[in-house]
Amino acid sequence: MLQSIEVAPEPRLIPRVVTPRAVTADARETAAHDKPCIVTSHLWAFFGDAPAIKDVSMVVPQQAVTAIIGPSGCGKSTLLRCINRMHETAPNTRVDGQVEILGSAIYGDGTSPIAVRRHVGMVFQRPTPFPTMSVRANVAAGLRADPKSRLAQRNVDEIVEEALHRAGLWEEVKDRLDESAMTLSGGQQQRLCIARALATRPRVLLLDEPTASLDPLSTQKVEELVYDLRETVTVVIVTHNMQQAARVSDRTAFLLAGELIELAPTNALFTAPQDPRTEAYITGRFG
Amino acid sequence: MKTRLARHWISGAMIGLTYLAAVLATLPLLLILAHLLKKGASSLSLSFFTSMPKPVGEAGGGMANAIVGTLILIGIACAIGLPIGIGAGIYLSEKRSTPLAQSVRFLSDVLNGLPSIVMGIFAWKFLVRGYVGHFSALAGGAALGAMMIPLVTRTTEEMLKVVPVSLREAALALGYPRWRTSISIVVRTALAGIATGALVAVARIAGETAPLLFTAFGNQFWSTSLREPIAALPLQIFTYAISAYEEWHAQAWAGALVLISIVLVISLAARFATRSRFGAPVD
């Protein structure tokens with residue numbers, strides 16, 4: 001069986017030769033993961049005239065966790081923010097190229113960014129619970145964003161409970177659903193944000209360094225959660241922490257100065273990187 | 001090298017100085033309140049609130065018309081100043097660096113520094129001489145409302161600015177349209193601060209006398225018509241205070257006490273109405 005080759009088919013990029021070892025190294029790579037979920041083709045993202053993402057073409061498989069690693073400022077977050085069209089919310093930004101999610105072109109004509117964001121959840125570096133809302137209202141916030149949706153008409157309490165269960169937070173907050181979300185600890189707030197993102201039943205969940213501001217114990221909880229979520233949702237996680245990438249992800253992408261250097265099954269990337277720059281980074285020679 | 005003892009003493013002295021400064025800062029307010037209570041409370045009775053001014057020489061009489069007039073003027077001013085001010089503040093925080101935002105910001109700072117009597121002349125020219133044709137509550141309220149606009153604009157903008165960008169992004173990422181992000185997340189989070197700013201503006205204009213001199217003009221009789229001259233506490237206090245009659249002076253003190261109380265009550269009421277649902281202030 002031939003593994004998907006994700007890097008752009010352009011010759012000037014590093015030619016990726018998938019060795020048989022790389023395939024067998026990752027036993028988790030099963031047939032279900034071969035179905036593409038997110039496909040970017042020749043994606044460029046700019047701040048003003050400066051490109052932050054340069055010609056990235058990659059395939060993210062369904063129901064797997066894909067980690068994006070790379071040194072600070074390499075464009076990891078920007079790449080993530082192109083997948084739910086958040087990049088364009090900053091002033092003077094521009095995106096070229098195309099991103100497809102489950103076959104729909106999200107930068108296509110007539111596709112509204114709001115509709116895209118409703119199907120792609122995102123969690124940020126710092127917890128962002130809405131301070132004026134209760135725990136319950138926070139989880140339901142995404143449903144309320146689209147009053148006409150089918151989900152908003154269902155029993156909201158049920159959806160809230162289900163989302164909190166999936167985020168592993170239900171037992172801790174079930175008696176304080178009407179308290180302010182600000183009374184939760186930092187780690188709980190972050191899992192609340194994950195629950196909020198899950199409540200709208202997105203197909204894709206984007207995590208932008210979700211544990212950067214958490215203590216080790218909360219980090220562990222979030223990591224376990226991410227690991228479990230792969231069953232139901234496609235996760236893309238940006239992280240500074242290579243150990244974290246190794247722990248939670250099925251596949252890892254290495255980004256350097258806005259270019260995708262390598263994308264491979266996580267085990268293969270960390271044990272037998274194909275590109276000398278990847279090897280230099282993961283062995284700690286820069287970054 | 002200072003000894004530990006010296007540091008200890010210097011620290012103590014500095015803390016003492018900050019306490020002194022805090023006391024000095026609140027002292028004028030306390031003195032004014034105490035003085036007003038002493039001078040005004042004796043003339044204050046139920047009839048002060050319910051009866052009309054009496055001619056010189058007659059005992060009793062009140063400022064019912066001026067109290068109602070001031071409330072009406074504050075109402076008109078809020079109806080003009082709050083929507084424009086808050087709207088402009090939201091615009092400034094949403095479009096921070098556009099040329100229009102920069103000029104609006106600059107002009108509202110200029111407007112803020114404009115002497116209040118100039119605002120009165122403006123209302124006189126356009127409303128008293130122009131649209132209405134004579135002195136009226138509308139002209140007085142408009143002058144006060146125009147004074148409120150820059151204050152409310154700038155405080156609203158400042159309050160919205162401190163709402164973290166991450167909160168706005170979180171809402172956008174959930175699929176909130178931009179306008180809903182602004183209203184139900186950003187403005188909602190800053191609401192207590194915006195209300196405080198609005199109150200500061202109300203407190204500031206409630207006691208203004210100069211812009212009312214040739215707009216609302218004052219009225220010795222009962223009137224609640226927006227198109228007629230209307231009595232106002234500051235005007236009544238001014239008239240009574242410069243008069244030659246002892247009983248009018250006492251009434252002026254009582255009027256001043258009522259004016260301060262009105263501001264206080266409005267402040268407390270709005271604080272109560274916009275307090276965070278969860279008690280603790282939003283950080």
# chains A, B, ... in the order shown; residues from 1 in each chain; ligands from 1

call {"tool": "interface_residues", "arguments": {"of": "chain B", "to": "chain A", "cutoff": "6 Å", "atoms": "only C-alpha atoms", "output": "PyMOL selection string"}}
result
chain B and resi 167+173-176+189

call {"tool": "select_by_dssp", "arguments": {"residues": "range 10-240 of chain A", "states": "helix (DSSP H, G or I)", "output": "PyMOL selection string"}}
result
chain A and resi 20-25+31-34+76-83+87-89+113-119+135-144+150-153+156-166+170-173+181-183+186-199+216-229

call {"tool": "select_by_dssp", "arguments": {"residues": "range 100-266 of chain A", "states": "strand (DSSP E)", "output": "PyMOL selection string"}}
result
chain A and resi 100-101+104-105+120-123+204-208+234-238+251-256+259-265

call {"tool": "residues_around", "arguments": {"residues": "Met242 in chain A", "least_positions_apart": "6", "cutoff": "12 Å", "atoms": "only C-alpha atoms", "output": "MDAnalysis selection string"}}
result
chainID A and resid 67:71 209 248:249 252:254 266:267 269:270 278 281:284 287

call {"tool": "closest_residue", "arguments": {"among": "B:Ala41, B:Val104, B:Ile76, B:Leu5", "to": "Gly89 in chain B", "atoms": "only C-alpha atoms"}}
result
B:Val104

call {"tool": "atom_distance", "arguments": {"atom1": "CA of Val118 in chain B", "atom2": "CA of Pro28 in chain B"}}
result
28.1 Å

call {"tool": "atom_distance", "arguments": {"atom1": "CA of Met159 in chain B", "atom2": "CA of Leu71 in chain B"}}
result
26.8 Å
